[in-house]
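To start, the structure itself, in structure tokens.
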Amino acid sequence: MTGSRLSIYGMSRGDFEMWNRNRRNMLGTMDDMPQYRKYMTQALELAHKGAGWVNPNPLVGTVVVRDGEILAAGYHDRYRGPHAERMAFDYADEHGIDMHGATVIDTLEPCCHVGSQPACTDLILSHGITRVVVGSIDPNPIVAGKGLRILEEAGVEVVYDVMRAECDAINRHFFHYITTGMGVRTKC
């Protein structure tokens with residue numbers, strides 16, 4: 001693919017090569033999809049619990065599973081509070097649950113920067129997670145695919161776009177704010 005065609009899609013050559021190498025994971029295997037959708041539905045339900053409390057941050061839910069069993073779950077419950085992934089991993093740590101080899105189902109791409117909270121990508125890697133299933137890519141320029149790239153480069157399998165429309169819909173205000181710098185007016 002030529003450089004000019006890459007720019008149409010907003011991809012650098014490195015981004016395209018990674019996408020091309022991992023495109024089999026874009027929607028996972030057909031056998032896994034019903035399970036991913038089941039757990040993503042649960043993650044979406046958790047994410048909704050943060051509505052009204054996390055603004056201007058996004059609504060995020062996380063479910064951690066292994067061998068058909070939910071090991072831990074969490075959601076972003078308040079502005080500047082722990083991220084969904086941190087809530088899930090803190091629960092697992094407090095209860096002595098080994099997360100090695102587990103799959104994280106995340107409504108939004110895990111963050112890869114340190115702000116009011118530590119980077120969720122570091123947390124995922126330190127717990128030996130082998131797969132991350134994500135609904136939406138975070139449009140925030142300090143994340144914007146970088147979190148998933150960090151995970152992939154560390155050997156974590158990443159499955160993209162599971163229930164993306166639903167995951168995007170819960171954060172339409174956040175996405176609008178991040179991409180335009182303006183809030184969204186809603187009807188009273």
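Each chain in the structure tokens gets a letter, A, B and so on, in the order shown; residues start at 1 in every chain, and ligands are counted from 1 in the order they appear.
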Q: Find the residues around His100 of chain A up to 9 Å (only C-alpha atoms counted), leave out those fewer than 4 positions away in its own chain, and share them as a PyMOL selection string.
A: chain A and resi 66+127-130
For those residues, write C-alpha atoms to a file as a JSON list (two decimals), in the first residue's frame.
[["chain", "number", "residue", "atom", "x", "y", "z"],
["A", 66, "ARG", "CA", -10.61, -17.55, 32.12],
["A", 127, "HIS", "CA", -0.90, -9.67, 35.78],
["A", 128, "GLY", "CA", -0.01, -12.02, 32.91],
["A", 129, "ILE", "CA", -3.11, -11.39, 30.80],
["A", 130, "THR", "CA", -2.87, -13.17, 27.43]]
Pairwise distance, atom CA of Trp53 of chain A with atom CA of Arg78 of chain A, equals 4.7 Å
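Distance annotation: of A:Met99, A:Ile142, A:Val64, A:Ala73, the residue with the minimal separation from Gly115 of chain A is A:Ile142; atom set is only C-alpha atoms.
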Who sits within 7 Å of segment 173-181 of chain A, only C-alpha atoms, same chain under 4 positions skipped, as a ChimeraX atom specification | /A:56-58,139-140
Let me see the file: selected residues, N, CA and C atoms, as a PDB file, in the first residue's frame.
ATOM      1  N   PRO A  56     -15.782  14.350  33.133  1.00  0.00           N
ATOM      2  CA  PRO A  56     -15.751  14.250  31.677  1.00  0.00           C
ATOM      3  C   PRO A  56     -15.071  12.981  31.154  1.00  0.00           C
ATOM      4  N   ASN A  57     -14.779  12.047  32.032  1.00  0.00           N
ATOM      5  CA  ASN A  57     -14.153  10.792  31.614  1.00  0.00           C
ATOM      6  C   ASN A  57     -15.176   9.871  30.953  1.00  0.00           C
ATOM      7  N   PRO A  58     -14.709   8.839  30.269  1.00  0.00           N
ATOM      8  CA  PRO A  58     -15.629   7.904  29.605  1.00  0.00           C
ATOM      9  C   PRO A  58     -16.209   6.882  30.581  1.00  0.00           C
ATOM     10  N   PRO A 139     -10.420   7.635  21.425  1.00  0.00           N
ATOM     11  CA  PRO A 139      -9.998   8.677  20.486  1.00  0.00           C
ATOM     12  C   PRO A 139      -9.061   9.723  21.099  1.00  0.00           C
ATOM     13  N   ASN A 140      -8.859   9.659  22.410  1.00  0.00           N
ATOM     14  CA  ASN A 140      -7.975  10.619  23.065  1.00  0.00           C
ATOM     15  C   ASN A 140      -6.576  10.489  22.461  1.00  0.00           C
TER      16      ASN A 140
END
